[in-house]
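Visitor: Coordinates in run.cif, mmCIF, C-alpha atoms and all ligand atoms, are listed below.
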data_entry
#
loop_
_atom_site.label_atom_id
_atom_site.label_comp_id
_atom_site.auth_asym_id
_atom_site.auth_seq_id
_atom_site.Cartn_x
_atom_site.Cartn_y
_atom_site.Cartn_z
CA MET A 13 27.53 -23.86 -25.22
CA ILE A 14 25.16 -21.42 -23.55
CA GLN A 15 26.21 -20.77 -19.96
CA LYS A 16 24.40 -19.46 -16.92
CA PRO A 17 24.56 -15.70 -16.36
CA LYS A 18 27.44 -14.38 -14.26
CA GLY A 19 26.64 -14.33 -10.55
CA THR A 20 24.05 -17.11 -10.69
CA LYS A 21 24.40 -20.80 -9.86
CA ASP A 22 22.81 -24.19 -10.36
CA ILE A 23 22.16 -25.87 -7.04
CA PHE A 24 22.06 -29.66 -6.86
CA GLY A 25 23.45 -32.74 -5.11
CA LEU A 26 24.99 -32.07 -1.73
CA ASP A 27 24.41 -28.33 -2.10
CA ILE A 28 20.66 -28.68 -2.34
CA LYS A 29 20.70 -30.64 0.93
CA ILE A 30 22.48 -27.81 2.66
CA TYR A 31 20.00 -25.26 1.29
CA GLN A 32 17.12 -27.49 2.38
CA LEU A 33 18.59 -27.86 5.85
CA VAL A 34 18.86 -24.06 6.15
CA PHE A 35 15.24 -23.60 5.07
CA ASP A 36 13.97 -26.42 7.32
CA VAL A 37 15.79 -25.18 10.41
CA PHE A 38 14.41 -21.69 9.84
CA GLU A 39 10.85 -22.82 9.11
CA SER A 40 10.64 -24.92 12.24
CA LEU A 41 11.88 -21.96 14.33
CA ALA A 42 9.40 -19.65 12.61
CA LYS A 43 6.62 -21.93 13.90
CA SER A 44 7.77 -21.42 17.50
CA TYR A 45 7.67 -17.66 16.97
CA ASN A 46 4.22 -17.95 15.39
CA ILE A 47 5.33 -16.28 12.15
CA GLN A 48 3.27 -16.72 8.99
CA LYS A 49 4.85 -17.44 5.61
CA ILE A 50 4.21 -15.11 2.69
CA ILE A 51 5.17 -15.38 -0.98
CA THR A 52 5.25 -12.20 -3.05
CA PRO A 53 5.97 -11.83 -6.79
CA THR A 54 9.49 -12.11 -8.19
CA PHE A 55 9.07 -8.76 -9.89
CA GLU A 56 7.36 -5.61 -8.71
CA SER A 57 6.95 -2.12 -10.05
CA TYR A 58 10.31 -0.33 -10.09
CA GLU A 59 8.68 2.58 -8.30
CA LEU A 60 8.12 0.42 -5.20
CA PHE A 61 11.86 0.09 -4.55
CA GLN A 62 12.60 3.64 -5.66
CA LYS A 63 10.16 4.94 -3.02
CA SER A 64 10.90 2.62 -0.11
CA ASN A 65 14.60 1.78 -0.49
CA GLY A 66 15.54 5.28 -1.59
CA GLU A 67 16.70 6.51 -4.96
CA ASP A 68 20.21 7.08 -3.71
CA SER A 69 20.68 3.67 -2.09
CA ASP A 70 23.24 1.38 -3.79
CA ILE A 71 20.46 -1.09 -4.47
CA VAL A 72 18.33 1.32 -6.49
CA SER A 73 21.04 3.51 -7.98
CA LYS A 74 23.29 0.81 -9.38
CA GLU A 75 22.23 -2.74 -8.58
CA ILE A 76 18.56 -3.14 -9.42
CA TYR A 77 17.56 -5.24 -12.45
CA LYS A 78 14.91 -3.07 -14.07
CA PHE A 79 13.15 -3.64 -17.33
CA GLU A 80 10.17 -2.55 -19.36
CA ASP A 81 7.55 -5.14 -20.22
CA TYR A 82 5.77 -5.33 -23.57
CA ASN A 83 3.35 -2.71 -22.37
CA ASN A 84 6.04 -0.23 -21.28
CA ARG A 85 5.51 -0.80 -17.56
CA LEU A 86 8.73 -0.21 -15.63
CA LEU A 87 9.33 -3.29 -13.49
CA ALA A 88 12.18 -4.62 -11.34
CA LEU A 89 13.34 -8.02 -10.12
CA LYS A 90 13.14 -7.90 -6.34
CA PRO A 91 16.49 -6.76 -4.87
CA GLU A 92 15.16 -7.25 -1.33
CA GLY A 93 11.96 -8.35 0.36
CA THR A 94 10.89 -5.68 2.83
CA ALA A 95 9.39 -3.31 0.25
CA SER A 96 7.26 -6.12 -1.21
CA ILE A 97 6.00 -7.02 2.24
CA GLY A 98 4.98 -3.41 2.80
CA ARG A 99 3.15 -3.35 -0.50
CA ALA A 100 1.45 -6.70 0.16
CA ILE A 101 0.29 -5.57 3.61
CA LEU A 102 -1.33 -2.44 2.25
CA GLU A 103 -2.73 -4.07 -0.87
CA ASN A 104 -4.28 -6.98 1.04
CA LYS A 105 -5.41 -4.78 3.94
CA LEU A 106 -3.42 -6.79 6.48
CA LEU A 107 -2.18 -3.87 8.54
CA ASN A 108 -4.66 -4.25 11.38
CA ASN A 109 -4.95 -8.01 11.15
CA THR A 110 -2.79 -9.29 14.02
CA LYS A 111 -2.58 -12.73 12.42
CA PHE A 112 -0.43 -11.27 9.66
CA ASN A 113 1.74 -8.92 11.67
CA LYS A 114 4.58 -11.42 11.84
CA LEU A 115 5.65 -12.60 8.41
CA TYR A 116 8.54 -14.46 6.86
CA TYR A 117 9.64 -15.19 3.31
CA ILE A 118 12.17 -17.35 1.54
CA ASP A 119 12.90 -15.85 -1.81
CA SER A 120 15.37 -15.24 -4.59
CA MET A 121 16.65 -11.69 -4.75
CA TYR A 122 18.56 -10.00 -7.59
CA ARG A 123 21.29 -7.39 -7.42
CA TYR A 124 23.84 -6.40 -10.04
CA GLU A 125 26.90 -6.75 -7.80
CA LYS A 126 30.43 -7.89 -8.50
CA PRO A 127 30.19 -11.63 -7.88
CA GLN A 128 32.49 -13.27 -5.34
CA LYS A 129 32.17 -15.91 -2.63
CA GLY A 130 28.86 -15.26 -0.86
CA ARG A 131 27.99 -12.38 -3.19
CA MET A 132 25.77 -13.31 -6.11
CA ARG A 133 23.55 -11.57 -8.63
CA GLN A 134 20.77 -14.00 -7.79
CA PHE A 135 20.73 -15.08 -4.15
CA TYR A 136 18.32 -16.34 -1.54
CA GLN A 137 17.19 -14.46 1.49
CA ILE A 138 15.18 -15.70 4.42
CA GLY A 139 13.47 -12.59 5.69
CA VAL A 140 11.36 -11.75 8.71
CA GLU A 141 9.15 -8.70 9.25
CA PHE A 142 7.38 -7.89 12.51
CA ILE A 143 4.91 -5.08 11.81
CA ASP A 144 4.36 -2.89 14.84
CA GLU A 145 3.42 0.77 15.00
CA ASN A 146 5.46 1.47 18.14
CA LEU A 147 8.55 -0.61 17.40
CA ASN A 148 8.05 -2.55 20.62
CA SER A 149 11.38 -3.35 22.26
CA ASN A 150 10.27 -6.93 22.93
CA LEU A 151 9.83 -7.48 19.21
CA ILE A 152 13.29 -6.05 18.53
CA ILE A 153 14.69 -8.54 21.03
CA ASP A 154 12.58 -11.34 19.49
CA ALA A 155 14.12 -10.55 16.09
CA ILE A 156 17.69 -10.63 17.39
CA VAL A 157 17.16 -13.81 19.42
CA LEU A 158 15.46 -15.53 16.49
CA ALA A 159 18.37 -14.72 14.17
CA LYS A 160 20.90 -15.85 16.76
CA THR A 161 19.06 -19.09 17.57
CA PHE A 162 18.85 -19.86 13.87
CA LEU A 163 22.63 -19.65 13.52
CA GLU A 164 23.16 -21.69 16.69
CA LYS A 165 20.85 -24.44 15.46
CA LEU A 166 23.12 -24.69 12.42
CA SER A 167 26.15 -24.79 14.74
CA ILE A 168 27.44 -21.49 13.35
CA SER A 169 29.24 -19.64 16.10
CA ASP A 170 31.90 -17.39 14.59
CA PHE A 171 29.83 -14.24 14.33
CA GLU A 172 29.52 -10.94 16.16
CA ILE A 173 26.30 -8.98 16.58
CA ASN A 174 26.78 -5.29 15.76
CA ILE A 175 24.05 -2.90 16.81
CA ASN A 176 23.49 0.83 16.51
CA ASN A 177 20.85 3.47 17.10
CA ILE A 178 20.51 5.69 14.03
CA GLY A 179 17.68 7.72 15.55
CA THR A 180 14.55 9.08 13.95
CA ILE A 181 14.42 10.98 10.65
CA GLN A 182 14.32 14.29 12.52
CA GLU A 183 17.33 13.36 14.65
CA ARG A 184 19.21 12.20 11.58
CA GLU A 185 18.52 15.42 9.70
CA LYS A 186 20.58 17.45 12.17
CA TYR A 187 23.33 14.84 12.12
CA ILE A 188 23.41 14.69 8.31
CA ASN A 189 23.99 18.45 8.10
CA VAL A 190 26.92 18.18 10.51
CA LEU A 191 28.34 15.24 8.54
CA LYS A 192 28.08 17.16 5.27
CA GLN A 193 30.10 19.96 6.80
CA TYR A 194 32.64 17.54 8.28
CA PHE A 195 33.23 15.49 5.14
CA SER A 196 33.43 18.58 2.92
CA ASP A 197 36.58 19.49 4.81
CA TYR A 198 38.14 16.12 3.94
CA LYS A 199 36.71 15.70 0.45
CA GLU A 200 40.05 14.89 -1.20
CA SER A 201 40.69 11.91 1.06
CA LEU A 202 37.43 10.20 0.10
CA SER A 203 36.69 7.94 -2.86
CA LEU A 204 34.79 9.44 -5.78
CA ILE A 205 31.56 7.73 -4.80
CA SER A 206 31.83 9.06 -1.23
CA GLN A 207 32.57 12.53 -2.55
CA LYS A 208 29.27 12.41 -4.40
CA ARG A 209 27.54 11.12 -1.29
CA ILE A 210 28.57 14.14 0.76
CA GLU A 211 25.62 15.95 -0.76
CA THR A 212 23.23 13.08 -1.48
CA ASN A 213 23.65 10.74 1.50
CA PRO A 214 26.67 11.33 3.75
CA LEU A 215 25.51 8.61 6.17
CA ARG A 216 26.49 5.99 3.64
CA ILE A 217 30.11 7.12 3.77
CA LEU A 218 30.19 5.74 7.32
CA ASP A 219 29.56 2.13 6.30
CA ASP A 220 31.08 2.25 2.82
CA LYS A 221 33.11 -0.96 2.40
CA THR A 222 36.42 0.81 1.79
CA ASP A 223 36.07 4.35 3.10
CA SER A 224 34.77 3.18 6.49
CA LYS A 225 38.36 2.11 7.24
CA LEU A 226 39.76 5.65 6.83
CA GLU A 227 40.75 7.46 10.04
CA ILE A 228 38.78 10.56 9.05
CA VAL A 229 35.64 8.44 8.66
CA LYS A 230 36.25 6.68 11.96
CA ASN A 231 36.69 10.05 13.66
CA ALA A 232 33.57 11.61 12.13
CA PRO A 233 30.95 13.03 14.52
CA LYS A 234 28.79 10.29 16.05
CA ILE A 235 25.05 9.96 15.70
CA SER A 236 24.75 9.37 19.46
CA GLU A 237 25.49 13.06 20.02
CA PHE A 238 22.28 13.96 18.18
CA LEU A 239 19.82 11.55 19.77
CA SER A 240 17.03 12.57 22.12
CA GLN A 241 17.13 11.28 25.70
CA GLU A 242 14.07 9.13 24.97
CA SER A 243 15.78 7.52 22.01
CA LYS A 244 18.96 6.87 24.03
CA ASP A 245 16.95 5.39 26.91
CA LYS A 246 15.13 2.98 24.61
CA PHE A 247 18.41 1.86 23.05
CA ASN A 248 20.02 1.35 26.45
CA SER A 249 17.07 -0.65 27.70
CA ILE A 250 17.38 -2.96 24.68
CA LEU A 251 21.10 -3.39 25.35
CA SER A 252 20.43 -4.26 28.97
CA ILE A 253 17.88 -6.91 27.97
CA LEU A 254 20.53 -8.38 25.65
CA ASP A 255 22.94 -8.36 28.61
CA ASP A 256 20.35 -10.13 30.75
CA LEU A 257 19.93 -12.76 28.08
CA ASN A 258 23.71 -13.18 27.90
CA ILE A 259 23.77 -12.18 24.27
CA PRO A 260 27.09 -10.56 23.40
CA TYR A 261 27.02 -7.57 21.03
CA ALA A 262 29.17 -4.63 19.97
CA VAL A 263 27.72 -1.14 19.61
CA ASN A 264 29.06 0.03 16.25
CA GLU A 265 28.37 3.69 15.62
CA GLN A 266 29.47 3.37 12.01
CA LEU A 267 26.71 0.90 11.23
CA VAL A 268 24.02 2.80 9.32
CA ARG A 269 22.63 0.15 6.87
CA GLY A 270 22.15 1.02 3.24
CA LEU A 271 18.42 1.47 2.84
CA ASP A 272 16.38 4.61 3.38
CA TYR A 273 13.61 2.97 5.40
CA TYR A 274 15.72 2.24 8.47
CA SER A 275 15.18 4.20 11.67
CA ASN A 276 16.23 3.81 15.30
CA ILE A 277 17.78 0.41 15.93
CA VAL A 278 19.76 -1.42 13.26
CA PHE A 279 21.84 -4.56 13.58
CA GLU A 280 24.05 -6.95 11.64
CA PHE A 281 25.44 -10.40 12.33
CA ILE A 282 28.98 -10.33 11.01
CA SER A 283 30.75 -13.60 10.39
CA SER A 284 34.48 -14.10 10.57
CA SER A 285 34.33 -17.61 9.12
CA SER A 286 37.23 -18.40 6.82
CA ALA A 287 34.70 -19.89 4.39
CA LEU A 288 33.75 -16.34 3.33
CA GLY A 289 37.27 -15.03 2.83
CA THR A 290 36.67 -11.69 4.54
CA LYS A 291 34.42 -10.65 7.40
CA SER A 292 30.92 -10.46 6.00
CA THR A 293 27.43 -9.68 7.09
CA ILE A 294 25.35 -12.82 7.10
CA ILE A 295 22.22 -11.25 8.59
CA GLY A 296 21.18 -7.61 8.42
CA GLY A 297 18.15 -5.77 9.66
CA GLY A 298 16.59 -3.19 11.89
CA CYS A 299 13.57 -1.02 12.53
CA TYR A 300 11.71 1.01 9.95
CA LEU A 301 9.20 3.84 10.20
CA ASP A 302 6.77 4.60 7.38
CA LEU A 303 8.21 1.91 5.13
CA MET A 304 6.12 2.87 2.11
CA ASN A 305 6.80 6.56 2.49
CA ASN A 306 3.09 7.20 2.09
CA ASN A 307 2.61 9.71 4.90
CA ASP A 308 -0.98 8.68 5.53
CA GLU A 309 -2.56 6.89 8.45
CA ASN A 310 -1.64 3.51 6.96
CA LYS A 311 1.98 3.86 7.96
CA ILE A 312 3.94 0.64 8.12
CA ASN A 313 6.41 0.53 10.98
CA GLY A 314 8.23 -2.58 11.95
CA ILE A 315 11.34 -4.57 12.66
CA GLY A 316 12.88 -7.08 10.35
CA PHE A 317 15.98 -8.77 9.10
CA ALA A 318 17.15 -10.91 6.23
CA ILE A 319 19.52 -13.85 6.29
CA GLY A 320 21.88 -14.16 3.33
CA VAL A 321 21.42 -17.84 2.53
CA GLU A 322 24.46 -18.13 0.22
CA ARG A 323 26.74 -16.83 2.99
CA VAL A 324 25.28 -19.26 5.52
CA PHE A 325 25.61 -21.96 2.87
CA GLU A 326 29.33 -21.29 2.36
CA ILE A 327 29.96 -21.63 6.10
CA LEU A 328 27.92 -24.82 6.37
CA LYS A 329 29.50 -26.36 3.31
CA GLN A 330 32.90 -26.00 4.94
CA ASN A 331 31.61 -27.53 8.20
CA LEU A 332 29.17 -30.19 7.09
CA SER A 333 30.02 -31.79 3.74
CA SER A 334 31.10 -35.15 5.11
CA LYS A 335 28.03 -35.47 7.33
CA PHE A 336 25.72 -35.12 4.35
CA GLU A 337 27.54 -37.66 2.24
CA ASP A 338 26.90 -40.29 4.91
CA GLU A 339 23.22 -39.57 4.92
CA GLU A 340 22.68 -40.59 1.28
CA ARG A 341 20.49 -43.65 1.39
CA VAL A 342 17.94 -45.73 -0.46
CA ASP A 343 15.66 -48.08 1.50
CA VAL A 344 14.91 -50.64 -1.18
CA PHE A 345 16.45 -51.33 -4.57
CA PHE A 346 14.54 -53.56 -6.98
CA ILE A 347 16.73 -55.40 -9.49
CA LEU A 348 14.51 -55.89 -12.52
CA GLU A 349 15.77 -58.04 -15.37
CA ASN A 350 12.80 -58.28 -17.70
CA GLU A 351 9.46 -56.69 -18.55
CA GLN A 352 7.50 -59.35 -16.69
CA GLN A 353 9.30 -58.49 -13.45
CA TYR A 354 8.63 -54.77 -13.92
CA ASN A 355 4.95 -55.51 -14.40
CA GLN A 356 4.76 -57.71 -11.30
CA VAL A 357 6.20 -55.14 -8.89
CA ARG A 358 5.17 -51.80 -10.40
CA LYS A 359 2.18 -51.34 -8.07
CA ILE A 360 4.27 -52.50 -5.12
CA ILE A 361 6.93 -49.88 -5.82
CA TYR A 362 4.33 -47.10 -5.88
CA GLU A 363 2.64 -48.38 -2.73
CA LEU A 364 5.96 -48.41 -0.85
CA ARG A 365 6.84 -44.91 -2.09
CA SER A 366 3.49 -43.59 -0.98
CA ASN A 367 4.27 -45.09 2.45
CA ASP A 368 7.46 -42.92 2.53
CA VAL A 369 9.82 -45.78 1.72
CA VAL A 370 12.68 -44.65 -0.56
CA VAL A 371 12.56 -47.01 -3.53
CA GLU A 372 14.80 -47.20 -6.56
CA TYR A 373 15.02 -49.63 -9.49
CA ASN A 374 17.24 -50.06 -12.52
CA LEU A 375 16.10 -48.45 -15.76
CA LYS A 376 18.38 -50.48 -18.01
CA SER A 377 18.63 -54.25 -17.95
CA ARG A 378 22.23 -55.37 -17.46
CA LYS A 379 24.06 -58.37 -16.07
CA PHE A 380 22.75 -59.30 -12.60
CA LYS A 381 26.15 -58.71 -11.00
CA LYS A 382 26.32 -55.16 -12.41
CA LEU A 383 22.83 -54.41 -11.10
CA LEU A 384 23.77 -55.73 -7.68
CA ASP A 385 26.78 -53.37 -7.70
CA GLU A 386 24.48 -50.49 -8.62
CA ALA A 387 22.18 -51.31 -5.69
CA GLN A 388 25.07 -51.60 -3.26
CA LYS A 389 26.58 -48.32 -4.45
CA MET A 390 23.33 -46.63 -3.48
CA LYS A 391 23.76 -48.06 0.00
CA SER A 392 20.35 -49.65 -0.25
CA GLN A 393 19.20 -51.30 2.98
CA LEU A 394 17.27 -54.02 1.16
CA ILE A 395 17.71 -55.41 -2.32
CA VAL A 396 14.78 -57.21 -3.94
CA PHE A 397 15.18 -59.51 -6.95
CA GLN A 398 14.25 -62.89 -8.40
CA GLU A 399 16.80 -65.65 -8.24
CA LEU A 400 17.19 -67.60 -11.44
CA ASN A 401 14.91 -70.40 -10.20
CA GLN A 402 12.27 -67.79 -9.27
CA HIS A 403 12.01 -66.36 -12.80
CA ASN A 404 8.50 -66.81 -14.22
CA THR A 405 7.03 -67.39 -10.73
CA ASN A 406 5.50 -65.13 -8.07
CA LYS A 407 8.40 -65.68 -5.70
CA TRP A 408 10.93 -62.95 -4.84
CA THR A 409 13.99 -62.61 -2.65
CA ILE A 410 14.62 -59.82 -0.17
CA LYS A 411 18.32 -59.48 0.57
CA THR A 412 19.07 -57.81 3.92
CA ASN A 413 22.55 -57.22 5.28
CA ASN A 414 22.90 -60.82 6.40
CA VAL A 415 20.04 -63.00 5.13
CA ASN A 416 18.03 -63.71 2.03
CA ILE A 417 14.28 -64.00 2.63
CA ASN A 418 11.99 -65.72 0.15
CA VAL A 419 8.55 -64.18 -0.21
CA ASP A 420 5.46 -64.35 -2.32
CA VAL A 421 4.80 -61.20 -4.36
CA ASN A 422 1.62 -60.54 -2.33
CA ASP A 423 3.62 -60.36 0.90
CA LEU A 424 6.40 -58.16 -0.49
CA VAL A 425 5.17 -54.81 0.90
CA ASP A 426 4.58 -56.23 4.33
CA LYS A 427 7.91 -58.09 4.54
CA ILE A 428 9.90 -55.15 3.15
CA GLU A 429 8.41 -52.74 5.67
CA LYS A 430 9.05 -55.16 8.53
CA ASN A 431 12.71 -55.54 7.58
CA LEU A 432 13.51 -51.86 7.18
CA LYS A 433 15.49 -50.26 9.96
CA TYR A 434 14.87 -46.53 10.49
P1 LIG B 1 20.54 -6.36 3.23
O1 LIG B 1 21.56 -6.04 4.26
O2 LIG B 1 20.60 -5.61 1.97
O3 LIG B 1 19.13 -6.16 3.94
O4 LIG B 1 20.61 -7.90 2.91
C1 LIG B 1 20.48 -8.86 3.94
C2 LIG B 1 21.51 -9.96 3.74
O5 LIG B 1 21.38 -10.52 2.45
C3 LIG B 1 22.96 -9.48 3.79
O6 LIG B 1 23.39 -9.36 5.11
C4 LIG B 1 23.66 -10.60 3.06
O7 LIG B 1 23.92 -11.67 3.92
C5 LIG B 1 22.64 -11.01 2.02
N1 LIG B 1 23.00 -10.44 0.71
C6 LIG B 1 22.86 -9.17 0.31
N2 LIG B 1 23.32 -9.02 -0.96
C7 LIG B 1 23.76 -10.23 -1.35
C8 LIG B 1 24.34 -10.74 -2.55
N3 LIG B 1 24.54 -9.98 -3.62
N4 LIG B 1 24.67 -12.06 -2.59
C9 LIG B 1 24.46 -12.87 -1.53
N5 LIG B 1 23.91 -12.43 -0.37
C10 LIG B 1 23.55 -11.14 -0.29
C11 LIG B 1 17.94 -6.35 3.29
O8 LIG B 1 17.82 -6.87 2.22
C12 LIG B 1 16.76 -5.95 4.14
N6 LIG B 1 15.54 -6.15 3.34
C13 LIG B 1 16.72 -6.73 5.43
C14 LIG B 1 15.57 -6.33 6.29
C15 LIG B 1 14.41 -6.96 6.45
N7 LIG B 1 15.52 -5.22 7.01
C16 LIG B 1 14.35 -5.14 7.62
N8 LIG B 1 13.64 -6.18 7.26
#
Would you write out, as structure tokens, the structure that this file holds?
Guide:
Amino acid sequence: MIQKPKGTKDIFGLDIKIYQLVFDVFESLAKSYNIQKIITPTFESYELFQKSNGEDSDIVSKEIYKFEDYNNRLLALKPEGTASIGRAILENKLLNNTKFNKLYYIDSMYRYEKPQKGRMRQFYQIGVEFIDENLNSNLIIDAIVLAKTFLEKLSISDFEININNIGTIQEREKYINVLKQYFSDYKESLSLISQKRIETNPLRILDDKTDSKLEIVKNAPKISEFLSQESKDKFNSILSILDDLNIPYAVNEQLVRGLDYYSNIVFEFISSSSALGTKSTIIGGGCYLDLMNNNDENKINGIGFAIGVERVFEILKQNLSSKFEDEERVDVFFILENEQQYNQVRKIIYELRSNDVVVEYNLKSRKFKKLLDEAQKMKSQLIVFQELNQHNTNKWTIKTNNVNINVDVNDLVDKIEKNLKY
């Protein structure tokens, strides 16, 4: 039998309800923040990610799904959403249109990673991008509060907000040179991949999943020593607003984030839920300057984050499964025993459904008792059928929890709607 590719999943039943809840909770919050939804293509030119995420990032160097189409164009399945948003803003000339400066997306992303709980090769992200030339501190706070409120609305509480200031490109340049020197002295203690990164991108050694735990990495020079006073002041003012809002956070100087476009403030929401096995980042984001690396006046600066839906899903599934099972419900079940009965109520069924009543009926004709069982298994509020003496007439019976009501077919819609309890 052909099976689904490794790192992908089919989502149905209870799981789809949890996904839907996650999307619904986010979308209703997005309304309060006046954020517009955007849908971008599933695949983009490979060059887009190469330029904006950085050639040396994990995403581009070893995780991206790239392919040539029949016309030899080099394309890639989206590994993340921010680059596409940058492209869409420029291509649709939205940069100076304030209506589209706050955007969100709910999309499948693709990365060739080693699959495990909460880490998939196809996964959903809910992403937010606030485009703003000056990286306004209020927008940075908006982003953090939005992400936090989202988790709270889902009753997820076992997370810590980590935040860091990685400075501007110029500030980082000085720091990177010092790091190169520092790590060269300890080369042998680092993993092979980190050894390579000493030259290409020593910052990434700081938040490498394994090497970040080494003492020599923990003791490496800190970015804060290389920041301008202005940059430090801005960071401190953001931290004091978070204090004012009673939002707990930890400044984590090892947090650098893995994509080239980040600048200044970066943050992650790290969950310690047992549902994920190990501590994992459920939301990651930060500020970016010149997202598209285009060096012209159409520079895209902004603040954004993405929620890893599968990770949120794992936590919710552990917390919520029983609640969802109880919510399964059908409003009306029609027991239909012959073609004549189907014909009599067909229009009625569609009318009820278009009035938002949940209606089900049996597809196969079986013994009445079996059909009644089927209806009861679906926890239907009302069951509609013809008693034996009603066969070949226009009379029907509505069975509620405690009474049977006899009605004429013409009054069925009205009587059903009156007897439904919401
Ligand atoms: P990211 O940190 O690469 O950032 O991904 C954001 C979140 O997506 C992660 O924190 C994680 O929860 C989830 N995630 C990442 N990879 C996987 C995977 N293989 N399986 C399941 N979940 C995963 C970005 O993608 C940036 N575009 C976020 C951003 C938006 N920054 C600014 N604006």
Visitor: Quote the spacing between atom CA of Arg341 of chain A and atom CA of Gln393 of chain A in Å to one decimal place.
Guide: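 Atom-to-atom, atom CA of Arg341 of chain A and atom CA of Gln393 of chain A are spaced 7.9 Å apart.
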Visitor: Measuring between all atoms listed in the file, which one of A:Ser206, A:Asn83, A:Gln352, A:Thr20 shows the shortest distance to ligand LIG 1 (chain B)?
Guide: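 For ligand LIG 1 (chain B), the nearest of the given residues is A:Thr20.
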Visitor: Around ligand LIG 1 (chain B), with edges along x, y and z and 5 Å added on all six sides, what centre and edge lengths do you get, in Å to one decimal, as JSON?
Guide:
{"center_x": 19.2, "center_y": -9.0, "center_z": 2.0, "size_x": 21.0, "size_y": 17.7, "size_z": 21.2}
Visitor: Smallest atom-to-atom distance to Ile178 of chain A: which of A:Ala155, A:Leu166, A:Thr161, A:Phe247, using all atoms listed in the file?
Guide: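 When distances to Ile178 of chain A are compared using all atoms listed in the file, the smallest one comes from A:Phe247.
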Visitor: For each of A:Ser69, A:Ala88, A:Asp302, A:Leu41, take the minimum atom-to-atom distance to Lys160 of chain A, counting all atoms listed in the file, then give the residue where this is smallest.
Guide: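 Of all the options, A:Leu41 lies closest to Lys160 of chain A.
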Visitor: With only C-alpha atoms as the counted atoms, please give the residues lying no more than 10 Å from Ile410 of chain A, apart from itself and same-chain residues fewer than 3 positions off, as a PyMOL selection string.
Guide: chain A and resi 344-346+394-398+413+415-419+424+427-428+431
Visitor: Separation of atom CA of Asp223 of chain A and atom CA of Ile173 of chain A, in Å?
Guide: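 About the pair atom CA of Asp223 of chain A and atom CA of Ile173 of chain A: they are 21.3 Å apart.
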Visitor: So the first atom is atom CA of Glu372 of chain A and the second is atom CA of Asp343 of chain A; what is the distance between them in Å, to one decimal place?
Guide: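 Separating atom CA of Glu372 of chain A from atom CA of Asp343 of chain A is a distance of 8.2 Å.
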Visitor: Can you tell me, as a list in words, what residues are no more than 10 Å from Ile217 of chain A when counting only C-alpha atoms, ignoring any on the same chain fewer than 4 positions away?
Guide: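 Listed by chain and then number, they are Leu191, Phe195, Leu202, Ser203, Ile205, Ser206, Gln207, Lys208, Arg209, Ile210, Asn213, Lys221, Thr222, Asp223, Ser224, Val229, Gln266 and Val268 of chain A.
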